[in-house]
>>> print(open('coords.cif').read())   # mmCIF, C-alpha atoms and all ligand atoms
data_run
loop_
_atom_site.label_atom_id
_atom_site.label_comp_id
_atom_site.auth_asym_id
_atom_site.auth_seq_id
_atom_site.Cartn_x
_atom_site.Cartn_y
_atom_site.Cartn_z
CA MET A 1 21.85 22.75 18.82
CA ARG A 2 24.09 24.66 21.19
CA ASP A 3 25.33 22.72 24.22
CA GLY A 4 24.06 24.04 27.52
CA ALA A 5 21.64 26.37 25.78
CA GLU A 6 17.96 26.58 26.59
CA ARG A 7 15.85 23.86 24.94
CA MET A 8 12.16 23.21 24.89
CA GLU A 9 10.68 19.80 25.54
CA GLN A 10 9.88 18.09 22.25
CA MET A 11 6.47 17.05 23.60
CA ASP A 12 5.60 20.70 24.40
CA ALA A 13 6.73 21.77 20.93
CA LEU A 14 4.62 19.10 19.27
CA ARG A 15 1.64 19.89 21.49
CA ALA A 16 1.67 23.46 20.18
CA LEU A 17 1.84 22.19 16.61
CA HIS A 18 -0.92 19.70 17.29
CA ALA A 19 -3.18 22.49 18.52
CA ALA A 20 -2.35 24.78 15.57
CA ARG A 21 -2.51 22.37 12.65
CA ARG A 22 -5.65 22.30 10.53
CA ALA A 23 -7.59 19.10 9.97
CA ASP A 24 -6.80 19.23 6.25
CA ASP A 25 -3.03 19.51 6.80
CA VAL A 26 -0.89 16.42 6.28
CA VAL A 27 1.63 15.95 9.10
CA ILE A 28 4.56 13.61 8.49
CA THR A 29 6.66 12.69 11.52
CA SER A 30 9.79 10.59 11.90
CA MET A 31 11.66 8.82 14.73
CA GLY A 32 11.14 10.39 18.18
CA ALA A 33 8.75 12.95 16.75
CA ALA A 34 6.59 10.16 15.30
CA ARG A 35 6.51 8.46 18.69
CA ASP A 36 5.41 11.66 20.45
CA TRP A 37 2.96 12.67 17.70
CA MET A 38 1.15 9.36 18.01
CA VAL A 39 0.79 9.96 21.77
CA LEU A 40 -0.82 13.31 21.01
CA GLY A 41 -3.04 11.70 18.38
CA ALA A 42 -2.32 11.38 14.66
CA GLY A 43 -5.14 12.51 12.36
CA PRO A 44 -6.43 10.49 9.40
CA LEU A 45 -4.26 12.46 6.95
CA ASP A 46 -1.12 12.14 9.05
CA LEU A 47 1.80 9.90 8.20
CA PRO A 48 3.81 8.70 11.18
CA LEU A 49 6.71 7.36 9.12
CA VAL A 50 7.13 4.00 10.78
CA PRO A 51 8.75 1.93 9.38
CA SER A 52 11.02 4.42 7.68
CA SER A 53 14.15 4.85 5.69
CA MET A 54 16.11 7.39 7.69
CA GLY A 55 16.28 10.78 5.96
CA THR A 56 13.36 10.40 3.59
CA ALA A 57 10.65 12.31 5.49
CA PRO A 58 11.41 15.74 3.90
CA THR A 59 11.32 14.37 0.36
CA ILE A 60 8.18 12.33 0.96
CA GLY A 61 6.76 15.65 2.15
CA LEU A 62 7.98 17.33 -1.02
CA GLY A 63 6.19 14.79 -3.20
CA LEU A 64 2.98 15.15 -1.21
CA ALA A 65 3.19 18.94 -1.35
CA LEU A 66 3.60 18.85 -5.14
CA ALA A 67 0.72 16.41 -5.57
CA GLN A 68 -1.55 18.30 -3.19
CA PRO A 69 -0.89 22.01 -3.74
CA ALA A 70 -4.16 23.04 -2.08
CA ARG A 71 -3.20 21.74 1.35
CA ARG A 72 -0.28 22.27 3.73
CA VAL A 73 2.19 19.49 4.23
CA ILE A 74 4.10 19.66 7.52
CA VAL A 75 7.15 17.46 8.10
CA VAL A 76 8.75 17.02 11.53
CA ASN A 77 12.23 15.62 11.12
CA GLY A 78 15.09 14.80 13.50
CA ASP A 79 18.56 16.34 13.16
CA GLY A 80 20.15 12.92 12.65
CA ALA A 81 17.80 12.17 9.79
CA MET A 82 18.30 15.68 8.39
CA LEU A 83 22.06 15.21 8.30
CA MET A 84 21.61 11.91 6.52
CA ASN A 85 19.94 13.71 3.63
CA LEU A 86 21.09 17.31 3.75
CA GLY A 87 20.81 17.59 -0.04
CA SER A 88 17.04 17.23 0.32
CA LEU A 89 17.01 20.87 1.45
CA VAL A 90 18.28 21.80 -2.01
CA THR A 91 15.86 19.43 -3.73
CA ILE A 92 13.00 21.07 -1.83
CA THR A 93 13.97 24.63 -2.65
CA ALA A 94 14.54 23.73 -6.31
CA ALA A 95 10.89 22.68 -6.60
CA ALA A 96 9.85 25.37 -4.08
CA PRO A 97 6.35 24.28 -3.07
CA ALA A 98 4.71 27.12 -1.18
CA ASN A 99 2.71 24.64 0.91
CA LEU A 100 5.61 22.69 2.46
CA ILE A 101 6.74 23.31 6.03
CA LEU A 102 9.81 21.44 7.26
CA ILE A 103 10.24 21.48 11.03
CA LEU A 104 13.58 20.31 12.38
CA ALA A 105 13.40 19.07 15.98
CA ASP A 106 17.07 19.45 16.81
CA ASN A 107 18.06 17.57 19.95
CA GLY A 108 21.69 17.07 18.89
CA VAL A 109 21.47 13.30 19.26
CA TYR A 110 20.16 10.10 17.74
CA GLU A 111 17.64 9.89 20.53
CA VAL A 112 15.92 6.65 19.63
CA THR A 113 19.18 4.70 19.44
CA ASP A 114 20.26 5.84 22.89
CA ALA A 115 21.23 9.44 22.34
CA GLN A 116 24.61 9.24 20.64
CA PRO A 117 25.69 12.73 19.46
CA THR A 118 25.17 13.44 15.76
CA PRO A 119 28.14 14.71 13.73
CA GLY A 120 26.39 18.09 13.68
CA SER A 121 26.37 18.57 17.44
CA PRO A 122 29.18 19.90 19.68
CA GLY A 123 29.58 16.56 21.44
CA ALA A 124 30.84 14.90 18.27
CA ARG A 125 32.79 17.67 16.59
CA ALA A 126 36.52 18.19 16.86
CA ASP A 127 36.11 21.91 17.43
CA GLY A 128 33.09 21.62 19.72
CA THR A 129 30.95 23.84 17.50
CA SER A 130 27.49 23.01 16.26
CA VAL A 131 26.19 23.00 12.72
CA ASP A 132 23.99 26.01 12.07
CA PHE A 133 20.85 24.55 10.50
CA GLU A 134 19.18 27.93 10.33
CA ALA A 135 22.02 29.31 8.19
CA ILE A 136 22.00 26.17 6.05
CA ALA A 137 18.27 26.54 5.39
CA ARG A 138 18.71 30.21 4.45
CA ALA A 139 21.63 29.39 2.19
CA CYS A 140 19.60 26.67 0.48
CA GLY A 141 16.91 29.21 -0.35
CA PHE A 142 13.94 28.47 1.93
CA ARG A 143 11.49 31.32 1.54
CA SER A 144 10.63 31.52 5.22
CA VAL A 145 13.04 30.49 7.98
CA PHE A 146 12.32 30.53 11.74
CA HIS A 147 14.23 29.48 14.85
CA PHE A 148 12.64 28.93 18.23
CA ARG A 149 14.43 28.15 21.48
CA ASP A 150 11.57 28.21 23.94
CA ALA A 151 8.18 26.59 23.90
CA GLU A 152 6.16 29.68 24.79
CA ARG A 153 7.43 31.73 21.85
CA TRP A 154 6.85 28.80 19.53
CA ALA A 155 3.32 28.27 20.86
CA THR A 156 2.58 31.97 20.39
CA ASP A 157 3.94 32.11 16.85
CA VAL A 158 3.11 28.68 15.44
CA VAL A 159 -0.05 29.74 13.58
CA ARG A 160 1.78 32.62 11.91
CA VAL A 161 4.67 30.32 11.05
CA LEU A 162 2.42 27.73 9.45
CA ASP A 163 0.74 30.49 7.43
CA ALA A 164 4.00 31.87 6.05
CA THR A 165 4.71 31.38 2.37
CA GLY A 166 6.80 28.30 1.90
CA PRO A 167 8.88 26.43 1.46
CA THR A 168 9.28 27.10 5.16
CA PHE A 169 12.01 25.83 7.46
CA VAL A 170 11.52 25.88 11.24
CA LEU A 171 14.35 25.05 13.61
CA LEU A 172 13.25 24.04 17.10
CA ASP A 173 15.89 23.52 19.81
CA VAL A 174 14.50 20.59 21.74
CA GLY A 175 15.88 18.49 24.56
CA SER A 176 16.21 14.76 24.37
CA VAL A 177 14.55 12.42 26.82
CA PRO A 178 17.02 9.94 28.32
CA GLY A 179 16.05 6.32 27.85
CA SER A 180 13.28 7.04 25.39
CA THR A 181 12.38 4.40 22.88
CA GLY A 182 11.71 4.41 19.16
CA PRO A 183 8.27 4.77 17.62
CA ARG A 184 6.09 1.72 17.16
CA SER A 185 4.24 1.16 13.93
CA PRO A 186 0.55 2.05 14.28
CA GLY A 187 -0.39 -0.72 11.85
CA PRO A 188 0.51 -2.43 8.57
CA ALA A 189 2.28 0.12 6.40
CA ALA A 190 0.85 -0.96 3.04
CA ALA A 191 -2.76 -0.69 4.23
CA ARG A 192 -2.06 2.74 5.74
CA ALA A 193 -0.57 3.89 2.43
CA VAL A 194 -3.60 2.73 0.47
CA GLU A 195 -5.93 4.49 2.89
CA LEU A 196 -3.95 7.75 2.86
CA ARG A 197 -3.89 7.84 -0.95
CA ARG A 198 -7.60 7.11 -1.04
CA GLN A 199 -8.38 9.92 1.40
CA LEU A 200 -6.13 12.43 -0.34
CA SER A 201 -7.38 11.51 -3.81
CA ALA A 202 -10.98 11.84 -2.71
CA ALA A 203 -10.34 15.15 -0.97
CA ALA A 204 -8.44 16.51 -3.98
CA LYS A 205 -11.60 16.31 -6.05
CA LEU A 206 -13.37 18.74 -3.70
CA PRO A 207 -12.87 22.46 -4.25
CA GLY A 208 -10.61 23.60 -1.44
CA PRO A 209 -8.49 26.57 -0.45
CA THR A 210 -5.36 27.19 -2.46
CA HIS A 211 -2.42 28.08 -0.31
CA PRO A 212 0.01 30.75 -1.48
CA MET B 1 18.34 4.78 -28.28
CA PHE B 2 15.37 7.10 -27.70
CA THR B 3 14.93 10.80 -28.26
CA GLY B 4 13.61 13.07 -25.53
CA ASP B 5 10.37 13.50 -27.45
CA GLU B 6 9.94 9.73 -27.64
CA MET B 7 10.51 9.36 -23.89
CA ALA B 8 8.13 12.22 -23.12
CA ALA B 9 5.49 10.65 -25.37
CA LEU B 10 6.01 7.35 -23.59
CA CYS B 11 5.50 9.04 -20.20
CA THR B 12 2.32 10.64 -21.50
CA ALA B 13 1.07 7.28 -22.78
CA MET B 14 1.76 5.81 -19.34
CA GLY B 15 -0.29 8.55 -17.66
CA VAL B 16 2.75 9.78 -15.75
CA THR B 17 2.38 13.19 -14.10
CA HIS B 18 5.87 13.68 -12.59
CA VAL B 19 9.28 12.41 -13.66
CA VAL B 20 11.69 12.34 -10.70
CA SER B 21 15.21 12.24 -11.98
CA VAL B 22 18.95 12.69 -11.81
CA ALA B 23 20.63 13.14 -15.19
CA ASP B 24 23.29 11.09 -16.90
CA SER B 25 24.51 11.46 -20.45
CA THR B 26 21.56 9.47 -21.82
CA ILE B 27 18.79 10.65 -19.46
CA GLY B 28 19.87 14.29 -19.27
CA PRO B 29 19.13 14.97 -22.94
CA TRP B 30 15.55 13.72 -22.34
CA HIS B 31 14.91 16.33 -19.65
CA PRO B 32 14.14 19.33 -21.93
CA ALA B 33 11.45 17.40 -23.82
CA ILE B 34 9.94 16.19 -20.55
CA GLU B 35 9.91 19.76 -19.23
CA ARG B 36 8.13 21.17 -22.25
CA THR B 37 5.45 18.46 -22.35
CA ASP B 38 2.05 19.52 -21.06
CA GLY B 39 0.90 17.44 -18.11
CA LEU B 40 4.43 16.32 -17.22
CA ARG B 41 6.58 17.88 -14.52
CA LEU B 42 10.27 17.17 -14.06
CA VAL B 43 11.39 17.04 -10.42
CA ARG B 44 15.17 17.20 -10.09
CA VAL B 45 16.63 15.54 -7.00
CA CYS B 46 20.17 15.78 -5.65
CA ARG B 47 20.64 12.03 -5.18
CA GLU B 48 18.66 9.06 -6.32
CA GLY B 49 17.70 7.80 -2.86
CA GLU B 50 15.57 10.93 -2.65
CA ALA B 51 13.83 10.10 -5.92
CA TRP B 52 12.00 7.14 -4.39
CA ALA B 53 10.84 9.25 -1.48
CA VAL B 54 9.64 12.12 -3.68
CA ALA B 55 7.86 9.55 -5.86
CA ALA B 56 6.31 8.00 -2.74
CA GLY B 57 4.92 11.36 -1.63
CA LEU B 58 3.60 12.06 -5.11
CA TYR B 59 1.94 8.67 -5.27
CA LEU B 60 0.37 9.01 -1.83
CA GLY B 61 -0.92 12.42 -2.89
CA GLY B 62 -2.70 10.90 -5.90
CA ALA B 63 -0.17 11.64 -8.66
CA THR B 64 1.53 9.16 -10.99
CA PRO B 65 5.30 9.47 -10.64
CA LEU B 66 8.09 7.82 -12.62
CA VAL B 67 11.64 7.50 -11.27
CA MET B 68 14.24 8.04 -14.01
CA ILE B 69 17.84 7.38 -12.96
CA GLN B 70 21.10 5.71 -13.96
CA CYS B 71 21.98 2.29 -12.52
CA THR B 72 24.64 3.97 -10.37
CA GLY B 73 21.75 5.78 -8.71
CA LEU B 74 19.98 2.48 -8.20
CA PHE B 75 23.03 1.29 -6.25
CA GLU B 76 22.92 4.30 -3.95
CA SER B 77 19.14 4.10 -3.50
CA GLY B 78 19.06 0.93 -1.42
CA ASP B 79 17.45 1.79 1.89
CA ALA B 80 14.94 4.27 0.46
CA LEU B 81 13.90 1.80 -2.20
CA ARG B 82 13.58 -1.02 0.34
CA ASN B 83 11.32 1.02 2.55
CA ILE B 84 9.14 2.49 -0.18
CA LEU B 85 8.75 -0.48 -2.49
CA HIS B 86 8.74 -3.25 0.10
CA ASP B 87 7.64 -1.87 3.50
CA TRP B 88 5.03 0.53 2.16
CA LYS B 89 4.49 -1.54 -0.99
CA LEU B 90 4.13 1.48 -3.24
CA PRO B 91 4.00 0.48 -6.92
CA ILE B 92 6.58 2.97 -8.19
CA PHE B 93 7.81 2.33 -11.72
CA SER B 94 11.32 3.31 -12.81
CA VAL B 95 13.33 3.81 -15.95
CA ILE B 96 16.92 2.88 -15.23
CA GLY B 97 19.82 3.60 -17.54
CA TYR B 98 22.16 0.63 -17.91
CA ARG B 99 25.56 2.28 -18.14
CA SER B 100 28.09 0.93 -20.65
CA TYR B 101 25.78 -1.84 -21.87
CA LEU B 102 26.10 -0.86 -25.52
CA ASN B 103 29.76 0.10 -25.39
CA GLN B 104 32.51 0.35 -22.84
CA THR B 105 34.74 2.81 -24.64
CA THR B 106 34.58 5.46 -21.92
CA LEU B 107 34.76 3.02 -19.01
CA PRO B 108 36.35 -0.26 -20.05
CA GLY B 109 35.42 -3.01 -17.60
CA ASP B 110 32.60 -0.91 -16.10
CA THR B 111 31.37 -2.84 -13.05
CA CYS B 112 27.85 -1.54 -13.68
CA LEU B 113 27.63 -4.48 -16.07
CA VAL B 114 28.42 -6.86 -13.22
CA PHE B 115 26.05 -5.53 -10.59
CA THR B 116 23.01 -3.90 -12.18
CA GLU B 117 20.89 -6.95 -12.91
CA PRO B 118 21.79 -8.87 -9.71
CA VAL B 119 20.90 -5.76 -7.68
CA LEU B 120 17.54 -5.42 -9.43
CA ASP B 121 16.92 -9.10 -8.71
CA ALA B 122 17.99 -8.69 -5.08
CA TRP B 123 15.53 -5.85 -4.64
CA ARG B 124 12.87 -7.96 -6.35
CA ILE B 125 12.19 -5.40 -9.02
CA GLU B 126 10.80 -7.03 -12.13
CA TYR B 127 12.49 -5.42 -15.09
CA ARG B 128 12.58 -5.58 -18.85
CA LEU B 129 15.92 -5.12 -20.56
CA ILE B 130 15.57 -2.74 -23.48
CA THR B 131 18.44 -2.90 -25.96
CA ALA B 132 16.80 -1.69 -29.17
CA PRO B 133 14.39 1.14 -30.11
CA ALA B 134 11.91 -1.41 -31.45
CA GLN B 135 11.25 -2.50 -27.85
CA ARG B 136 9.57 0.79 -26.91
CA ASP B 137 6.14 -0.84 -26.74
CA GLU B 138 7.55 -3.45 -24.38
CA ILE B 139 8.19 -0.70 -21.84
CA LEU B 140 4.58 0.43 -22.05
CA ALA B 141 3.26 -3.13 -21.82
CA HIS B 142 5.42 -3.88 -18.77
CA TYR B 143 4.34 -0.62 -17.14
CA MET B 144 0.66 -1.40 -17.69
CA ALA B 145 1.09 -4.92 -16.33
CA CYS B 146 2.83 -3.60 -13.19
CA ARG B 147 0.21 -0.91 -12.74
CA ASP B 148 -2.62 -3.41 -13.02
CA ALA B 149 -0.91 -5.71 -10.53
CA SER B 150 -0.12 -2.74 -8.23
CA LYS B 151 3.54 -3.63 -8.02
CA PRO B 152 6.81 -1.89 -8.79
CA GLY B 153 8.71 -2.52 -12.01
CA ALA B 154 11.47 -1.12 -14.15
CA ALA B 155 12.60 -0.66 -17.70
CA LEU B 156 16.35 -1.15 -17.87
CA ILE B 157 17.51 0.86 -20.83
CA ALA B 158 20.85 0.01 -22.41
CA GLU B 159 23.16 3.00 -22.63
CA GLY B 160 26.29 3.72 -24.57
CA LYS B 161 28.95 6.03 -23.22
CA ALA B 162 29.16 6.76 -19.50
C1 LIG A 301 20.27 4.29 7.21
C2 LIG A 301 20.14 4.10 8.66
N1 LIG A 301 21.24 4.18 9.47
C3 LIG A 301 21.11 4.03 10.80
C4 LIG A 301 19.91 3.75 11.36
C5 LIG A 301 19.79 3.56 12.87
N2 LIG A 301 18.99 4.66 13.45
C6 LIG A 301 17.67 4.49 13.71
S1 LIG A 301 17.00 5.83 14.38
C7 LIG A 301 18.44 6.67 14.36
C8 LIG A 301 18.55 8.04 14.94
C9 LIG A 301 17.53 9.03 14.48
O1 LIG A 301 17.93 10.30 14.90
P1 LIG A 301 17.09 11.58 14.61
O2 LIG A 301 16.67 11.61 13.20
O3 LIG A 301 17.87 12.78 15.09
O4 LIG A 301 15.78 11.41 15.47
P2 LIG A 301 15.62 11.28 17.06
O5 LIG A 301 15.93 9.84 17.38
O6 LIG A 301 16.59 12.20 17.70
O7 LIG A 301 14.20 11.61 17.27
C10 LIG A 301 19.46 5.89 13.82
C11 LIG A 301 20.87 6.34 13.63
C12 LIG A 301 18.80 3.65 10.49
N3 LIG A 301 17.57 3.37 10.91
N4 LIG A 301 18.95 3.83 9.16
#
>>> encode(input="coords.cif", output="structure tokens")
Amino acid sequence: MRDGAERMEQMDALRALHAARRADDVVITSMGAARDWMVLGAGPLDLPLVPSSMGTAPTIGLGLALAQPARRVIVVNGDGAMLMNLGSLVTITAAAPANLILILADNGVYEVTDAQPTPGSPGARADGTSVDFEAIARACGFRSVFHFRDAERWATDVVRVLDATGPTFVLLDVGSVPGSTGPRSPGPAAARAVELRRQLSAAAKLPGPTHP
Amino acid sequence: MFTGDEMAALCTAMGVTHVVSVADSTIGPWHPAIERTDGLRLVRVCREGEAWAVAAGLYLGGATPLVMIQCTGLFESGDALRNILHDWKLPIFSVIGYRSYLNQTTLPGDTCLVFTEPVLDAWRIEYRLITAPAQRDEILAHYMACRDASKPGAALIAEGKA
């Protein structure tokens, strides 16, 4: 997240993803992304991670990707949550599931708690630089790494990006929306978990495509 | 207390598909046997808080994960464990190494002995303390009981040196 640089609206970015995802993909979203994803409409295999433990979305995605190798698992994470569990990038590339796509919606702030700057963004760093998540992802060994600054390019490329051989890391520079609130739970977590496991277990028994 | 082959056989008897783990000097030597056992996959995580999340994803995806960590890792797992075991109510079973329980020669006065069991109680994880090899079947019985009741549980395995 570079201060003053061009940023796409998170809602536009998610709208492009929403249009490009397949019905058999699992999409896990956290914090502001979960809020916006539920506005766009979460599918039956999606996991808006509310309530959550901050930082766990990528590794929940890793577990799902390992258990369900024949489907794509897409995680949309915030930069605050990513920084809280940076080692998960190494955990993911150690296991290296080809079907995992980690999208980082980098707005530079903890948006849902009133937009305080994260330690990775220029506003909170002594030298005013920003942490380079793209370089971090490459250094950790993601097989495919992408960085998008504007919504049109992202919308044009999203299908190709989702089809790349994973583990895939996608950095999206997004703006934050002042005054926005946190996500609300769409229903009792335990019942949603039971239902998701039931759906995925049932679907796993069907012959399906195997992703690279 | 147990060899790697014994732990791998136990995992197989439990129906475990993935062991999610960080090593210590007791658990680490089990890893090679787990890795070479058909039907078992070892998933190495960087910190134990991640182990619960990986296990959660595996469980939601239809697999049968086991978290295998030292009690120090239990201490650092708090928020992830709270969310996964209690908010989402996922019945994840764990094997937790109880550091210094059998001897304190490497770490005299190890505070793991003070905090491990109260922390397990605080997190409402029903555990069985395993201090002798003869209790191996107790682990399996506790696992089966937890699985049938769809609730989390742990085997707390006494360790020697840190
Ligand atoms: C362990 C922990 N520490 C602090 C919080 C408080 N908190 C809730 S949301 C949030 C910010 C999330 O930021 P980010 O992941 O970047 O998502 P965004 O809000 O920008 O969408 C924080 C700090 C928390 N929920 N958990």
>>> closest_atom_pairs(input="coords.cif", of="chain A", to="chain B", cutoff="7 Å", atoms="all atoms listed in the file", output="CSV")
residue,atom,partner,partner_atom,distance
A:Ser52,CA,B:Asn83,CA,6.2
A:Ser53,CA,B:Ala80,CA,5.3
A:Thr56,CA,B:Ala53,CA,5.8
A:Thr59,CA,B:Val54,CA,4.9
A:Ile60,CA,B:Gly57,CA,4.3
A:Gly61,CA,B:Gly57,CA,6.0
A:Leu62,CA,B:Val54,CA,6.1
A:Gly63,CA,B:Gly57,CA,4.0
A:Leu64,CA,B:Gly57,CA,4.3
A:Leu66,CA,B:Leu58,CA,6.8
A:Ala67,CA,B:Gly61,CA,5.1
A:Gln68,CA,B:Gly61,CA,5.9
A:Gly87,CA,B:Cys46,CA,5.9
A:Ser88,CA,B:Cys46,CA,6.9
A:Thr91,CA,B:Val45,CA,5.1
A:Ala95,CA,B:Val43,CA,6.8
A:Ala189,CA,B:Trp88,CA,5.1
A:Ala190,CA,B:Trp88,CA,4.5
A:Ala193,CA,B:Trp88,CA,6.5
A:Leu196,CA,B:Leu60,CA,6.5
A:Arg197,CA,B:Leu60,CA,4.5
A:Leu200,CA,B:Gly61,CA,5.8
A:Ser201,CA,B:Gly62,CA,5.2
>>> closest_residue(input="coords.cif", among="A:Ala135, A:Ala42, A:Ala94, A:Met54", to="ligand LIG 301 (chain A)", atoms="only C-alpha atoms and all ligand atoms")
A:Met54
>>> residues_around(input="coords.cif", residues="Cys140 of chain A", least_positions_apart="6", cutoff="8 Å", atoms="only C-alpha atoms", output="JSON, numbers by chain")
{"A": [89, 90, 93]}
>>> atom_distance(input="coords.cif", atom1="atom CA of Ala98 of chain A", atom2="atom CA of Thr168 of chain A")
7.8 Å
>>> residues_around(input="coords.cif", residues="Arg147 of chain B", least_positions_apart="4", cutoff="9 Å", atoms="all atoms listed in the file", output="ChimeraX atom specification")
/B:91-93,142-143,151-153
>>> residues_near_ligand(input="coords.cif", ligand="ligand LIG 301 (chain A)", cutoff="7 Å", atoms="only C-alpha atoms and all ligand atoms", output="list in words")
Met31, Gly32, Ala33, Ser53, Met54, Asn77, Gly78, Asp79, Gly80, Ala81, Met82, Asp106, Asn107, Gly108, Val109, Tyr110, Glu111, Val112 and Thr113 of chain A; Asp79 of chain B
>>> residues_around(input="coords.cif", residues="Ala155 of chain B", least_positions_apart="5", cutoff="8 Å", atoms="all atoms listed in the file", output="number ranges by chain")
B: 94-96, 127-130, 139, 142
>>> write_last_selection(input="coords.cif", atoms="C-alpha atoms", output="PDB file, keeping the file's coordinate frame")
ATOM      1  CA  SER B  94      11.320   3.310 -12.810  1.00  0.00           C
ATOM      2  CA  VAL B  95      13.330   3.810 -15.950  1.00  0.00           C
ATOM      3  CA  ILE B  96      16.920   2.880 -15.230  1.00  0.00           C
ATOM      4  CA  TYR B 127      12.490  -5.420 -15.090  1.00  0.00           C
ATOM      5  CA  ARG B 128      12.580  -5.580 -18.850  1.00  0.00           C
ATOM      6  CA  LEU B 129      15.920  -5.120 -20.560  1.00  0.00           C
ATOM      7  CA  ILE B 130      15.570  -2.740 -23.480  1.00  0.00           C
ATOM      8  CA  ILE B 139       8.190  -0.700 -21.840  1.00  0.00           C
ATOM      9  CA  HIS B 142       5.420  -3.880 -18.770  1.00  0.00           C
TER      10      HIS B 142
END
>>> atom_distance(input="coords.cif", atom1="atom CA of Met1 of chain B", atom2="atom CA of Pro29 of chain B")
11.5 Å
>>> atom_distance(input="coords.cif", atom1="atom CA of Glu138 of chain B", atom2="atom CA of Ala13 of chain B")
12.6 Å
>>> residues_around(input="coords.cif", residues="segment 173-180 of chain A", least_positions_apart="5", cutoff="8 Å", atoms="only C-alpha atoms", output="list in words")
Met1, Glu6, Arg7, Met8, Glu9, Gln10, Ala13, Ala105, Asp106, Asn107, Val109, Glu111, Val112, Asp114, Ala115, His147, Phe148, Arg149 and Asp150 of chain A
>>> write_last_selection(input="coords.cif", atoms="C-alpha atoms", output="compact mmCIF listing (two decimals), in the coordinates of the input")
# COMPACT_ATOMS: atom_id res chain seq x y z
CA MET A 1 21.85 22.75 18.82
CA GLU A 6 17.96 26.58 26.59
CA ARG A 7 15.85 23.86 24.94
CA MET A 8 12.16 23.21 24.89
CA GLU A 9 10.68 19.80 25.54
CA GLN A 10 9.88 18.09 22.25
CA ALA A 13 6.73 21.77 20.93
CA ALA A 105 13.40 19.07 15.98
CA ASP A 106 17.07 19.45 16.81
CA ASN A 107 18.06 17.57 19.95
CA VAL A 109 21.47 13.30 19.26
CA GLU A 111 17.64 9.89 20.53
CA VAL A 112 15.92 6.65 19.63
CA ASP A 114 20.26 5.84 22.89
CA ALA A 115 21.23 9.44 22.34
CA HIS A 147 14.23 29.48 14.85
CA PHE A 148 12.64 28.93 18.23
CA ARG A 149 14.43 28.15 21.48
CA ASP A 150 11.57 28.21 23.94
>>> closest_residue(input="coords.cif", among="A:Val76, A:Met11, A:Leu102, A:Ala191", to="Val145 of chain A", atoms="all atoms listed in the file")
A:Leu102
>>> axis_aligned_box(input="coords.cif", around="segment 99-105 of chain A", padding_each_side="5 Å", output="lines of an AutoDock Vina configuration file")
center_x = 8.1
center_y = 21.9
center_z = 8.4
size_x = 20.9
size_y = 15.6
size_z = 25.1
>>> closest_residue(input="coords.cif", among="B:Gly160, B:Gly73, B:Gly15, B:Gly39", to="Ala132 of chain B", atoms="all atoms listed in the file")
B:Gly160
>>> residues_around(input="coords.cif", residues="Leu74 of chain B", least_positions_apart="2", cutoff="9 Å", atoms="all atoms listed in the file", output="PyMOL selection string")
chain B and resi 48-49+69-72+76-78+81+96+116+119-120
>>> closest_residue(input="coords.cif", among="B:Glu126, B:Lys161, B:Thr12, B:Asp5", to="Asp110 of chain B", atoms="all atoms listed in the file")
B:Lys161
>>> residues_near_point(input="coords.cif", point="(0.7, 8.6, 9.9)", cutoff="7 Å", atoms="only C-alpha atoms", output="list in words")
Ile28, Ala42, Leu45, Asp46, Leu47, Pro48 and Leu49 of chain A
